[in-house]
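Student: data_19.pdb is reproduced below (PDB, C-alpha atoms).
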```pdb
ATOM      1  CA  MET A  19      -3.839  -3.391   1.938
ATOM      2  CA  THR A  20      -6.651  -1.783   3.861
ATOM      3  CA  ARG A  21     -10.306  -2.270   3.136
ATOM      4  CA  ARG A  22     -12.167   0.874   2.304
ATOM      5  CA  PHE A  23     -15.745   1.919   2.049
ATOM      6  CA  PHE A  24     -17.358   5.137   0.984
ATOM      7  CA  LEU A  25     -20.792   6.328   0.018
ATOM      8  CA  GLY A  26     -22.340   8.519  -2.603
ATOM      9  CA  SER A  27     -20.836  10.238  -5.593
ATOM     10  CA  SER A  28     -18.797  13.363  -6.190
ATOM     11  CA  THR A  29     -19.237  16.159  -8.664
ATOM     12  CA  ALA A  30     -16.306  16.461 -11.055
ATOM     13  CA  VAL A  31     -15.319  19.755 -12.637
ATOM     14  CA  ALA A  32     -13.524  19.594 -15.974
ATOM     15  CA  LEU A  33     -10.382  21.716 -16.014
ATOM     16  CA  ASN A  34      -7.550  22.216 -18.446
ATOM     17  CA  ALA A  35      -4.579  20.531 -16.756
ATOM     18  CA  ALA A  36      -2.280  23.285 -18.009
ATOM     19  CA  SER A  37      -4.302  25.870 -16.082
ATOM     20  CA  VAL A  38      -4.383  23.991 -12.780
ATOM     21  CA  PRO A  39      -1.942  25.340 -10.185
ATOM     22  CA  GLU A  40       0.692  23.010  -8.769
ATOM     23  CA  TYR A  41       0.621  22.254  -5.045
ATOM     24  CA  ALA A  42       4.043  21.747  -3.514
ATOM     25  CA  GLU A  43       2.680  19.764  -0.577
ATOM     26  CA  HIS A  44      -0.393  17.615  -0.138
ATOM     27  CA  ARG A  45      -1.179  17.499   3.579
ATOM     28  CA  ASP A  46      -2.411  21.004   4.336
ATOM     29  CA  LEU A  47      -5.749  20.869   2.541
ATOM     30  CA  LEU A  48      -7.535  23.908   3.971
ATOM     31  CA  TYR A  49      -6.545  26.253   1.166
ATOM     32  CA  TYR A  50      -6.666  26.574  -2.616
ATOM     33  CA  LEU A  51      -4.506  28.411  -5.123
ATOM     34  CA  ASP A  52      -5.847  30.873  -7.656
ATOM     35  CA  ALA A  53      -4.577  31.235 -11.237
ATOM     36  CA  ARG A  54      -1.702  33.398  -9.994
ATOM     37  CA  GLY A  55      -0.654  30.894  -7.361
ATOM     38  CA  ARG A  56      -1.982  32.943  -4.440
ATOM     39  CA  LYS A  57      -3.292  31.051  -1.413
ATOM     40  CA  HIS A  58      -6.865  31.420  -0.193
ATOM     41  CA  PRO A  59      -8.333  29.662   2.848
ATOM     42  CA  ALA A  60     -10.890  26.907   2.280
ATOM     43  CA  ARG A  61     -13.419  27.676   5.008
ATOM     44  CA  ASN A  62     -16.596  26.318   3.449
ATOM     45  CA  ALA A  63     -17.861  23.864   0.841
ATOM     46  CA  ARG A  64     -17.597  26.383  -1.975
ATOM     47  CA  ASP A  65     -13.958  27.143  -1.180
ATOM     48  CA  TRP A  66     -13.180  23.443  -0.845
ATOM     49  CA  SER A  67     -14.754  22.707  -4.227
ATOM     50  CA  ARG A  68     -11.972  24.757  -5.845
ATOM     51  CA  ARG A  69      -9.254  22.648  -4.236
ATOM     52  CA  ALA A  70     -11.225  19.478  -4.975
ATOM     53  CA  ALA A  71     -11.428  20.367  -8.673
ATOM     54  CA  HIS A  72      -7.655  20.851  -8.741
ATOM     55  CA  ILE A  73      -7.093  17.469  -7.087
ATOM     56  CA  ARG A  74      -9.281  15.716  -9.637
ATOM     57  CA  ALA A  75      -7.480  17.449 -12.500
ATOM     58  CA  HIS A  76      -4.099  16.309 -11.159
ATOM     59  CA  MET A  77      -5.405  12.767 -10.750
ATOM     60  CA  GLU A  78      -6.365  12.797 -14.412
ATOM     61  CA  ARG A  79      -2.810  13.837 -15.303
ATOM     62  CA  VAL A  80      -1.722  10.460 -13.916
ATOM     63  CA  MET A  81      -4.729   8.287 -14.746
ATOM     64  CA  GLY A  82      -5.802   9.871 -18.007
ATOM     65  CA  PRO A  83      -8.996  11.830 -18.609
ATOM     66  CA  LEU A  84     -12.301  10.677 -17.176
ATOM     67  CA  PRO A  85     -14.579  10.024 -20.170
ATOM     68  CA  PRO A  86     -18.152  11.293 -20.263
ATOM     69  CA  VAL A  87     -20.711   8.894 -18.850
ATOM     70  CA  SER A  88     -21.627   6.384 -21.546
ATOM     71  CA  LYS A  89     -25.165   6.609 -22.887
ATOM     72  CA  ALA A  90     -25.020   3.091 -24.334
ATOM     73  CA  PRO A  91     -27.701   0.699 -23.043
ATOM     74  CA  LEU A  92     -26.436  -1.347 -20.093
ATOM     75  CA  ASP A  93     -27.903  -4.478 -21.710
ATOM     76  CA  MET A  94     -27.442  -6.697 -18.654
ATOM     77  CA  ILE A  95     -27.469 -10.412 -19.519
ATOM     78  CA  VAL A  96     -28.017 -13.098 -16.869
ATOM     79  CA  LYS A  97     -25.884 -16.123 -17.723
ATOM     80  CA  GLY A  98     -26.843 -18.288 -14.746
ATOM     81  CA  GLU A  99     -27.941 -18.139 -11.143
ATOM     82  CA  VAL A 100     -27.688 -20.037  -7.867
ATOM     83  CA  ARG A 101     -30.346 -19.701  -5.176
ATOM     84  CA  LEU A 102     -28.765 -19.585  -1.715
ATOM     85  CA  ASP A 103     -30.366 -19.360   1.704
ATOM     86  CA  LYS A 104     -30.970 -15.597   1.809
ATOM     87  CA  TYR A 105     -30.162 -14.354  -1.687
ATOM     88  CA  THR A 106     -29.693 -15.402  -5.296
ATOM     89  CA  ARG A 107     -26.253 -15.146  -6.887
ATOM     90  CA  LYS A 108     -26.541 -14.246 -10.552
ATOM     91  CA  ARG A 109     -23.671 -14.409 -13.017
ATOM     92  CA  VAL A 110     -24.227 -11.406 -15.297
ATOM     93  CA  SER A 111     -22.524  -9.164 -17.816
ATOM     94  CA  PHE A 112     -23.252  -5.595 -18.864
ATOM     95  CA  VAL A 113     -22.007  -2.913 -21.251
ATOM     96  CA  PRO A 114     -19.891  -0.257 -19.502
ATOM     97  CA  GLU A 115     -19.214   1.491 -22.816
ATOM     98  CA  PRO A 116     -19.537   0.716 -26.544
ATOM     99  CA  GLY A 117     -17.216  -2.090 -27.585
ATOM    100  CA  ASP A 118     -16.915  -3.641 -24.142
ATOM    101  CA  ARG A 119     -18.850  -6.097 -22.005
ATOM    102  CA  ALA A 120     -17.923  -6.594 -18.339
ATOM    103  CA  PRO A 121     -18.649  -9.727 -16.284
ATOM    104  CA  ALA A 122     -19.935  -9.493 -12.729
ATOM    105  CA  PHE A 123     -21.925 -11.217 -10.015
ATOM    106  CA  LEU A 124     -25.214  -9.675  -8.965
ATOM    107  CA  LEU A 125     -26.364 -10.764  -5.503
ATOM    108  CA  VAL A 126     -30.078 -10.155  -4.938
ATOM    109  CA  PRO A 127     -31.706 -10.734  -1.520
ATOM    110  CA  HIS A 128     -34.885 -12.823  -1.688
ATOM    111  CA  ASP A 129     -36.902 -10.101   0.031
ATOM    112  CA  THR A 130     -37.273  -7.238  -2.441
ATOM    113  CA  SER A 131     -40.664  -6.096  -1.149
ATOM    114  CA  SER A 132     -39.023  -2.751  -0.378
ATOM    115  CA  LYS A 133     -36.165  -0.964  -2.103
ATOM    116  CA  ARG A 134     -32.814  -2.237  -0.873
ATOM    117  CA  PRO A 135     -29.491  -0.482  -0.312
ATOM    118  CA  ALA A 136     -26.760  -1.632  -2.682
ATOM    119  CA  MET A 137     -22.990  -2.012  -2.852
ATOM    120  CA  ILE A 138     -20.338  -2.024  -5.550
ATOM    121  CA  CYS A 139     -17.879  -4.740  -4.462
ATOM    122  CA  LEU A 140     -14.273  -4.674  -5.711
ATOM    123  CA  PRO A 141     -12.030  -7.718  -5.140
ATOM    124  CA  GLY A 142      -8.291  -7.806  -4.639
ATOM    125  CA  SER A 143      -5.723  -8.598  -7.291
ATOM    126  CA  SER A 144      -5.724 -12.396  -6.918
ATOM    127  CA  LYS A 145      -6.718 -14.301 -10.042
ATOM    128  CA  PRO A 146     -10.100 -15.625  -8.817
ATOM    129  CA  GLY A 147     -11.217 -11.990  -8.745
ATOM    130  CA  LYS A 148     -14.919 -11.663  -8.045
ATOM    131  CA  ASP A 149     -15.176 -15.317  -6.931
ATOM    132  CA  VAL A 150     -13.533 -14.392  -3.603
ATOM    133  CA  PRO A 151     -15.920 -11.801  -2.080
ATOM    134  CA  VAL A 152     -18.993 -13.817  -3.111
ATOM    135  CA  GLY A 153     -17.686 -16.825  -1.166
ATOM    136  CA  ILE A 154     -16.973 -19.271  -3.983
ATOM    137  CA  VAL A 155     -13.300 -19.422  -2.897
ATOM    138  CA  LYS A 156     -13.816 -21.133   0.460
ATOM    139  CA  ASP A 157     -10.325 -20.790   1.947
ATOM    140  CA  ARG A 158     -10.585 -16.983   2.379
ATOM    141  CA  PRO A 159     -13.508 -16.558   4.781
ATOM    142  CA  ASN A 160     -12.410 -13.099   5.931
ATOM    143  CA  GLN A 161     -12.884 -11.801   2.386
ATOM    144  CA  HIS A 162     -16.459 -13.005   1.852
ATOM    145  CA  TRP A 163     -17.894  -9.580   2.552
ATOM    146  CA  ALA A 164     -20.115  -9.434  -0.555
ATOM    147  CA  HIS A 165     -21.728 -12.707   0.547
ATOM    148  CA  GLU A 166     -22.153 -11.375   4.091
ATOM    149  CA  LEU A 167     -23.627  -8.087   2.896
ATOM    150  CA  ALA A 168     -26.102  -9.868   0.629
ATOM    151  CA  GLU A 169     -27.171 -11.981   3.595
ATOM    152  CA  ARG A 170     -27.819  -8.714   5.427
ATOM    153  CA  GLY A 171     -30.126  -7.472   2.695
ATOM    154  CA  TYR A 172     -27.823  -5.496   0.386
ATOM    155  CA  VAL A 173     -27.913  -5.858  -3.377
ATOM    156  CA  CYS A 174     -24.280  -6.392  -4.391
ATOM    157  CA  LEU A 175     -22.599  -6.005  -7.779
ATOM    158  CA  VAL A 176     -19.177  -7.686  -7.741
ATOM    159  CA  HIS A 177     -16.787  -6.648 -10.521
ATOM    160  CA  ASP A 178     -13.736  -8.078 -12.211
ATOM    161  CA  TYR A 179     -10.787  -5.744 -12.875
ATOM    162  CA  PRO A 180      -9.133  -5.197 -16.282
ATOM    163  CA  LEU A 181      -5.812  -6.926 -17.051
ATOM    164  CA  LEU A 182      -5.851  -8.956 -13.815
ATOM    165  CA  HIS A 183      -9.094 -10.932 -13.596
ATOM    166  CA  THR A 184      -8.795 -12.222 -17.130
ATOM    167  CA  GLN A 185     -10.582 -15.580 -16.787
ATOM    168  CA  GLU A 186     -13.767 -13.907 -18.009
ATOM    169  CA  TYR A 187     -12.688 -10.342 -18.693
ATOM    170  CA  ALA A 188     -10.113 -10.029 -21.476
ATOM    171  CA  THR A 189     -10.596  -6.334 -22.310
ATOM    172  CA  ASP A 190      -7.365  -4.362 -22.764
ATOM    173  CA  PRO A 191      -8.055  -0.763 -21.668
ATOM    174  CA  TYR A 192      -5.142   0.571 -23.709
ATOM    175  CA  GLN A 193      -6.695  -0.732 -26.919
ATOM    176  CA  LEU A 194      -9.762   1.336 -26.014
ATOM    177  CA  GLY A 195      -7.625   4.471 -25.708
ATOM    178  CA  TYR A 196      -7.178   4.621 -21.933
ATOM    179  CA  ALA A 197      -3.986   5.913 -20.321
ATOM    180  CA  SER A 198      -4.372   3.573 -17.347
ATOM    181  CA  ALA A 199      -6.222   0.480 -16.236
ATOM    182  CA  THR A 200      -7.153   2.530 -13.182
ATOM    183  CA  MET A 201      -9.315   4.884 -15.227
ATOM    184  CA  LYS A 202     -10.942   1.983 -17.069
ATOM    185  CA  GLY A 203     -11.773   0.489 -13.684
ATOM    186  CA  ILE A 204     -13.349   3.768 -12.599
ATOM    187  CA  VAL A 205     -15.478   3.841 -15.742
ATOM    188  CA  ASN A 206     -16.648   0.258 -15.212
ATOM    189  CA  HIS A 207     -17.451   0.852 -11.558
ATOM    190  CA  ARG A 208     -19.306   4.066 -12.356
ATOM    191  CA  ARG A 209     -21.449   2.187 -14.850
ATOM    192  CA  GLY A 210     -21.976  -0.451 -12.201
ATOM    193  CA  VAL A 211     -23.629   2.238 -10.099
ATOM    194  CA  ASP A 212     -25.836   3.059 -13.099
ATOM    195  CA  LEU A 213     -26.775  -0.612 -13.335
ATOM    196  CA  LEU A 214     -27.696  -0.813  -9.654
ATOM    197  CA  GLN A 215     -29.747   2.367  -9.911
ATOM    198  CA  SER A 216     -31.632   0.891 -12.863
ATOM    199  CA  LEU A 217     -32.891  -2.069 -10.827
ATOM    200  CA  PRO A 218     -36.433  -1.559  -9.518
ATOM    201  CA  PHE A 219     -35.621  -3.097  -6.118
ATOM    202  CA  VAL A 220     -32.594  -0.828  -5.412
ATOM    203  CA  ASP A 221     -32.861   2.500  -3.607
ATOM    204  CA  PRO A 222     -30.781   4.753  -5.911
ATOM    205  CA  ARG A 223     -29.941   7.069  -3.001
ATOM    206  CA  ARG A 224     -28.344   4.329  -0.900
ATOM    207  CA  ILE A 225     -25.339   2.967  -2.776
ATOM    208  CA  GLY A 226     -21.837   2.431  -1.422
ATOM    209  CA  VAL A 227     -18.589   0.761  -2.422
ATOM    210  CA  ILE A 228     -16.341  -1.675  -0.574
ATOM    211  CA  GLY A 229     -13.000  -3.128  -1.630
ATOM    212  CA  HIS A 230     -10.068  -5.216  -0.467
ATOM    213  CA  SER A 231      -6.402  -4.734  -1.432
ATOM    214  CA  LEU A 232      -6.460  -3.671  -5.106
ATOM    215  CA  GLY A 233     -10.189  -3.222  -4.712
ATOM    216  CA  GLY A 234      -9.452  -0.957  -1.782
ATOM    217  CA  HIS A 235      -7.205   1.184  -3.981
ATOM    218  CA  ASN A 236      -9.956   1.508  -6.498
ATOM    219  CA  ALA A 237     -12.585   2.228  -3.850
ATOM    220  CA  LEU A 238     -10.687   5.049  -2.218
ATOM    221  CA  PHE A 239      -6.982   5.229  -3.206
ATOM    222  CA  LEU A 240      -6.119   5.636   0.442
ATOM    223  CA  ALA A 241      -2.501   4.540   0.900
ATOM    224  CA  ALA A 242      -0.070   7.448   0.527
ATOM    225  CA  PHE A 243       2.640   7.046  -2.118
ATOM    226  CA  ALA A 244       5.380   8.104   0.241
ATOM    227  CA  LYS A 245       4.473   5.343   2.678
ATOM    228  CA  HIS A 246       4.052   2.562   0.101
ATOM    229  CA  ALA A 247       6.928   0.062   0.438
ATOM    230  CA  GLY A 248       9.224   2.690   1.927
ATOM    231  CA  GLY A 249       8.577   5.157  -0.870
ATOM    232  CA  ASP A 250       8.994   2.698  -3.743
ATOM    233  CA  ILE A 251       5.970   3.240  -5.994
ATOM    234  CA  THR A 252       7.051   0.850  -8.743
ATOM    235  CA  ALA A 253       3.968  -1.323  -8.239
ATOM    236  CA  TRP A 254       1.700   1.654  -8.864
ATOM    237  CA  ALA A 255       3.363   2.213 -12.254
ATOM    238  CA  LEU A 256       2.648  -1.236 -13.637
ATOM    239  CA  ARG A 257       0.495  -1.729 -16.721
ATOM    240  CA  TYR A 258      -2.537  -2.855 -14.717
ATOM    241  CA  TYR A 259      -2.471   0.382 -12.738
ATOM    242  CA  MET A 260      -1.036   3.791 -13.783
ATOM    243  CA  PRO A 261       1.932   3.587 -16.215
ATOM    244  CA  ARG A 262       2.298   7.373 -16.355
ATOM    245  CA  ILE A 263       3.743   7.209 -12.840
ATOM    246  CA  GLN A 264       6.911   5.896 -14.491
ATOM    247  CA  ALA A 265       6.645   7.465 -17.934
ATOM    248  CA  ASP A 266       5.796  11.017 -16.819
ATOM    249  CA  PHE A 267       6.840  11.190 -13.161
ATOM    250  CA  GLY A 268       9.852   8.865 -12.959
ATOM    251  CA  LYS A 269       8.365   6.829 -10.096
ATOM    252  CA  ASP A 270       9.300   9.718  -7.819
ATOM    253  CA  PRO A 271       6.740  10.374  -5.052
ATOM    254  CA  ALA A 272       7.954  13.976  -4.817
ATOM    255  CA  ARG A 273       6.981  14.610  -8.448
ATOM    256  CA  MET A 274       3.489  13.158  -8.180
ATOM    257  CA  PRO A 275       0.830  15.857  -8.680
ATOM    258  CA  PHE A 276      -1.537  14.389  -6.076
ATOM    259  CA  ASP A 277      -1.367  12.248  -2.962
ATOM    260  CA  PHE A 278      -3.855   9.975  -1.264
ATOM    261  CA  THR A 279      -4.243  12.439   1.565
ATOM    262  CA  GLU A 280      -6.155  14.516  -0.981
ATOM    263  CA  VAL A 281      -8.050  11.560  -2.423
ATOM    264  CA  LEU A 282      -9.471  10.707   0.992
ATOM    265  CA  ALA A 283     -10.492  14.328   1.555
ATOM    266  CA  LEU A 284     -12.371  14.323  -1.750
ATOM    267  CA  LEU A 285     -14.947  12.050  -0.123
ATOM    268  CA  ALA A 286     -16.004  14.636   2.432
ATOM    269  CA  PRO A 287     -18.644  14.860   3.805
ATOM    270  CA  ARG A 288     -19.642  11.306   2.850
ATOM    271  CA  PRO A 289     -19.229   8.505   5.420
ATOM    272  CA  VAL A 290     -16.009   6.499   5.105
ATOM    273  CA  PHE A 291     -14.867   3.391   6.977
ATOM    274  CA  VAL A 292     -11.228   2.258   6.808
ATOM    275  CA  ASN A 293      -9.819  -1.018   8.105
ATOM    276  CA  ALA A 294      -6.033  -0.586   8.280
ATOM    277  CA  PRO A 295      -4.224  -3.589   9.802
ATOM    278  CA  LEU A 296      -1.173  -2.817  11.905
ATOM    279  CA  HIS A 297       0.984  -5.463  10.206
ATOM    280  CA  ASP A 298       0.339  -4.872   6.509
ATOM    281  CA  ALA A 299       3.877  -3.590   5.858
ATOM    282  CA  PRO A 300       6.069  -3.253   3.903
ATOM    283  CA  ASP A 301       3.696  -2.643   1.022
ATOM    284  CA  PHE A 302       0.975  -0.922   3.029
ATOM    285  CA  GLU A 303       2.578   0.860   5.947
ATOM    286  CA  VAL A 304      -0.082   1.815   8.493
ATOM    287  CA  SER A 305       1.543   5.178   9.193
ATOM    288  CA  GLY A 306       0.563   6.211   5.661
ATOM    289  CA  VAL A 307      -3.066   5.563   6.575
ATOM    290  CA  ARG A 308      -2.671   7.687   9.696
ATOM    291  CA  ASP A 309      -1.160  10.473   7.559
ATOM    292  CA  CYS A 310      -4.226  10.393   5.322
ATOM    293  CA  TYR A 311      -6.583  10.526   8.289
ATOM    294  CA  ASP A 312      -4.712  13.466   9.825
ATOM    295  CA  ALA A 313      -4.782  15.391   6.548
ATOM    296  CA  ALA A 314      -8.435  14.722   5.690
ATOM    297  CA  LEU A 315      -9.847  15.239   9.180
ATOM    298  CA  PRO A 316      -9.742  19.083   9.025
ATOM    299  CA  VAL A 317     -11.765  18.989   5.803
ATOM    300  CA  TYR A 318     -14.388  16.726   7.348
ATOM    301  CA  ARG A 319     -14.368  18.605  10.676
ATOM    302  CA  ASP A 320     -13.818  22.266   9.825
ATOM    303  CA  VAL A 321     -15.353  22.579   6.357
ATOM    304  CA  PHE A 322     -18.286  20.163   6.626
ATOM    305  CA  ARG A 323     -18.726  19.650  10.411
ATOM    306  CA  ALA A 324     -18.784  15.910   9.698
ATOM    307  CA  ALA A 325     -15.831  14.468  11.644
ATOM    308  CA  ASP A 326     -18.060  11.693  12.963
ATOM    309  CA  ARG A 327     -18.445  10.338   9.429
ATOM    310  CA  MET A 328     -14.855   9.084   9.395
ATOM    311  CA  ARG A 329     -14.229   5.728  11.059
ATOM    312  CA  PHE A 330     -10.735   4.212  11.070
ATOM    313  CA  GLU A 331      -9.888   0.910  12.743
ATOM    314  CA  TYR A 332      -6.434  -0.629  13.141
ATOM    315  CA  PRO A 333      -6.707  -4.373  13.866
ATOM    316  CA  ASP A 334      -3.737  -6.347  15.155
ATOM    317  CA  ALA A 335      -3.545  -8.304  11.900
ATOM    318  CA  GLY A 336      -1.777  -8.601   8.564
ATOM    319  CA  HIS A 337      -3.285  -8.357   5.087
ATOM    320  CA  ASP A 338      -6.735  -9.242   6.311
ATOM    321  CA  PHE A 339     -10.220  -8.059   7.276
ATOM    322  CA  PRO A 340     -10.891  -9.746  10.639
ATOM    323  CA  PRO A 341     -14.424 -10.707  11.722
ATOM    324  CA  ALA A 342     -14.715  -8.074  14.466
ATOM    325  CA  ASN A 343     -13.785  -5.308  12.040
ATOM    326  CA  ARG A 344     -16.149  -6.581   9.378
ATOM    327  CA  GLU A 345     -18.969  -6.493  11.918
ATOM    328  CA  SER A 346     -17.975  -2.954  12.860
ATOM    329  CA  CYS A 347     -17.984  -2.008   9.182
ATOM    330  CA  TYR A 348     -21.430  -3.520   8.681
ATOM    331  CA  ARG A 349     -22.809  -1.557  11.654
ATOM    332  CA  PHE A 350     -21.297   1.609  10.222
ATOM    333  CA  LEU A 351     -22.799   0.785   6.850
ATOM    334  CA  ALA A 352     -26.250   0.177   8.307
ATOM    335  CA  ALA A 353     -26.143   3.505  10.140
ATOM    336  CA  SER A 354     -24.930   5.353   7.038
ATOM    337  CA  LEU A 355     -27.250   3.786   4.450
TER     338      LEU A 355
END
```
Give the structure from the file, written as structure tokens.

Tutor:
Amino acid sequence: MTRRFFLGSSTAVALNAASVPEYAEHRDLLYYLDARGRKHPARNARDWSRRAAHIRAHMERVMGPLPPVSKAPLDMIVKGEVRLDKYTRKRVSFVPEPGDRAPAFLLVPHDTSSKRPAMICLPGSSKPGKDVPVGIVKDRPNQHWAHELAERGYVCLVHDYPLLHTQEYATDPYQLGYASATMKGIVNHRRGVDLLQSLPFVDPRRIGVIGHSLGGHNALFLAAFAKHAGGDITAWALRYYMPRIQADFGKDPARMPFDFTEVLALLAPRPVFVNAPLHDAPDFEVSGVRDCYDAALPVYRDVFRAADRMRFEYPDAGHDFPPANRESCYRFLAASL
């Protein structure tokens, strides 16, 4: 799976799913439909916001509704820490919502004399979870990007994911009323941003997110359904992801109410870096990434005049994040934050 990075936050508009028009195709993004199904061009940010609101509403049909931001105290607890050469790795937990406590690593550079940029870091699906990007798992050096970012002066919050990284995090999102583990992940990550913004040494205006494999899905949801494993989206319908894909949409890409072409475009005009290896098939066919780029580019270019904020790289590699591409990502990150 590709690694993905994006900055900032988006403004969600609550809509009644029954009132949201259906879009028969998901690649031509420079228009929106009104309540009568009539097409209108999306020439500016205001026009695009209408289409963006429809995309978010259709995503919630699959993922379940996005809850209001929790007002519960974050109540971060530090359970232990290790001082390394350039930063301190703290094992922490915090409250993403009432009735839940999420484990994480907080990486804090030693120099906090000025406010630092910060990153939400989302690991892949492997069982060590957050231990991989912080560098505790030594045999995966190309996935130690949280460690490398902390060494470069970023404050990093590294999450576990519900139902997969269960060594420390046993929460079942369905027992909390969620329709998908995906939405529970979004809620946890959103509260992670709140936690970073609450720290006196973090610049609240300079926060990004980076992820690998499953973490990449949750950072950007880039890979198009139709190009995932030759159109087989069974993996996306599993309990740890979005079960409604099977229950409500029969695992049929043609019936899905949104595609990742639209998800990528939702980030505009924020900077986005994508590392899409050429040999990550069959699960993550690189042509699906190219489809997403081609669909989102007109939104970045024509609506926001921000085509230069999209950076896609295609290394000659498999399911990996090679050193040269990580360095390119870090340069992009430094320029953007």

Student: Do you have, as a Markdown table, the list of residues of region 68-144 of chain A lying at most 12 Å from region 330-354 of chain A, each with its nearest atom pair and that distance in Å to one decimal, counting only C-alpha atoms and ordered by chain then number?

Tutor:
```
| residue | atom | partner | partner_atom | distance |
| --- | --- | --- | --- | --- |
| A:Arg134 | CA | A:Ala352 | CA | 11.5 |
| A:Pro135 | CA | A:Ala352 | CA | 9.2 |
| A:Ala136 | CA | A:Leu351 | CA | 10.6 |
| A:Met137 | CA | A:Leu351 | CA | 10.1 |
| A:Gly142 | CA | A:His337 | CA | 11.0 |
```

Student: What is the CA of Glu169 (chain A) to CA of Arg224 (chain A) distance in Å?

Tutor: 17.0 Å

Student: Hey, could you make a per-residue contact list for region 116-139 of chain A against region 95-106 of chain A with 6 Å as the cut-off, showing the nearest pair of atoms and its distance in Å to one decimal, counting all atoms listed in the file, sorted by chain and number, as JSON lines?

Tutor:
```
{"residue": "A:Leu125", "atom": "CA", "partner": "A:Thr106", "partner_atom": "CA", "distance": 5.7}
{"residue": "A:Val126", "atom": "CA", "partner": "A:Thr106", "partner_atom": "CA", "distance": 5.3}
{"residue": "A:Pro127", "atom": "CA", "partner": "A:Tyr105", "partner_atom": "CA", "distance": 3.9}
{"residue": "A:His128", "atom": "CA", "partner": "A:Tyr105", "partner_atom": "CA", "distance": 5.0}
```

Student: How would you write, as a compact mmCIF listing (two decimals) with C-alpha atoms, keeping the file's coordinate frame, the residues chosen by the PyMOL selection byres ((chain A and resi 77) around 12) on this structure?

Tutor:
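Output below, filename part03.txt:
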```txt
# COMPACT_ATOMS: atom_id res chain seq x y z
CA ALA A 30 -16.31 16.46 -11.06
CA ALA A 32 -13.52 19.59 -15.97
CA LEU A 33 -10.38 21.72 -16.01
CA ALA A 35 -4.58 20.53 -16.76
CA VAL A 38 -4.38 23.99 -12.78
CA ALA A 70 -11.22 19.48 -4.97
CA ALA A 71 -11.43 20.37 -8.67
CA HIS A 72 -7.66 20.85 -8.74
CA ILE A 73 -7.09 17.47 -7.09
CA ARG A 74 -9.28 15.72 -9.64
CA ALA A 75 -7.48 17.45 -12.50
CA HIS A 76 -4.10 16.31 -11.16
CA GLU A 78 -6.36 12.80 -14.41
CA ARG A 79 -2.81 13.84 -15.30
CA VAL A 80 -1.72 10.46 -13.92
CA MET A 81 -4.73 8.29 -14.75
CA GLY A 82 -5.80 9.87 -18.01
CA PRO A 83 -9.00 11.83 -18.61
CA LEU A 84 -12.30 10.68 -17.18
CA ALA A 197 -3.99 5.91 -20.32
CA SER A 198 -4.37 3.57 -17.35
CA THR A 200 -7.15 2.53 -13.18
CA MET A 201 -9.32 4.88 -15.23
CA PHE A 239 -6.98 5.23 -3.21
CA MET A 260 -1.04 3.79 -13.78
CA ARG A 262 2.30 7.37 -16.36
CA ILE A 263 3.74 7.21 -12.84
CA MET A 274 3.49 13.16 -8.18
CA PRO A 275 0.83 15.86 -8.68
CA PHE A 276 -1.54 14.39 -6.08
CA ASP A 277 -1.37 12.25 -2.96
CA PHE A 278 -3.86 9.98 -1.26
CA GLU A 280 -6.16 14.52 -0.98
CA VAL A 281 -8.05 11.56 -2.42
CA LEU A 284 -12.37 14.32 -1.75
```

Student: Just so the selection is clear, what residues does the PyMOL selection byres ((chain A and resi 53) around 12) cover here, as an NGL selection string?

Tutor: :A and (34 or 36-40 or 50-52 or 54-58 or 68 or 72)

Student: Using all atoms listed in the file, find the one residue out of A:Ala299, A:Ile204, A:Val220, A:Leu181 that sits nearest to Glu115 (chain A).

Tutor: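 Once distances to Glu115 (chain A) are computed over all atoms listed in the file, the minimum belongs to A:Ile204.
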
Student: Need to verify the contact set: Thr252 (chain A), 10 Å, all atoms listed in the file, exclusion of same-chain residues closer than 6 positions in sequence. Can you return it as a list in words?

Tutor: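 Listing them by chain and then by number gives His246, Met260, Pro261, Ile263, Gln264, Gly268, Lys269 and Asp270 of chain A.
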
Student: Using the chain letters and numbering of this document, enumerate as a PDB file with C-alpha atoms, keeping the file's coordinate frame the residues selected by the PyMOL selection byres ((chain A and resi 59-65) around 6).

Tutor:
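The resulting file, part_26.pdb, is shown below:
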```pdb
ATOM      1  CA  LEU A  48      -7.535  23.908   3.971  1.00  0.00           C
ATOM      2  CA  TYR A  49      -6.545  26.253   1.166  1.00  0.00           C
ATOM      3  CA  HIS A  58      -6.865  31.420  -0.193  1.00  0.00           C
ATOM      4  CA  TRP A  66     -13.180  23.443  -0.845  1.00  0.00           C
ATOM      5  CA  SER A  67     -14.754  22.707  -4.227  1.00  0.00           C
ATOM      6  CA  ARG A  68     -11.972  24.757  -5.845  1.00  0.00           C
ATOM      7  CA  VAL A 321     -15.353  22.579   6.357  1.00  0.00           C
TER       8      VAL A 321
END
```

Student: Measure the distance from CA of Val152 (chain A) to CA of Tyr259 (chain A) in Å and round it to one decimal.

Tutor: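 Going from CA of Val152 (chain A) over to CA of Tyr259 (chain A) covers 23.8 Å.
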
Student: At a cut-off of 7 Å, using only C-alpha atoms, what residues contact region 175-179 of chain A? Leave out same-chain residues fewer than 5 positions from it and give the result as a compact mmCIF listing (two decimals) with C-alpha atoms, keeping the file's coordinate frame.

Tutor:
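Output saved as part-v5.txt:
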```txt
# COMPACT_ATOMS: atom_id res chain seq x y z
CA PRO A 121 -18.65 -9.73 -16.28
CA ALA A 122 -19.93 -9.49 -12.73
CA PHE A 123 -21.92 -11.22 -10.02
CA LEU A 124 -25.21 -9.68 -8.96
CA LEU A 125 -26.36 -10.76 -5.50
CA MET A 137 -22.99 -2.01 -2.85
CA ILE A 138 -20.34 -2.02 -5.55
CA CYS A 139 -17.88 -4.74 -4.46
CA LEU A 140 -14.27 -4.67 -5.71
CA GLY A 147 -11.22 -11.99 -8.74
CA LYS A 148 -14.92 -11.66 -8.04
CA TYR A 187 -12.69 -10.34 -18.69
CA GLY A 203 -11.77 0.49 -13.68
```
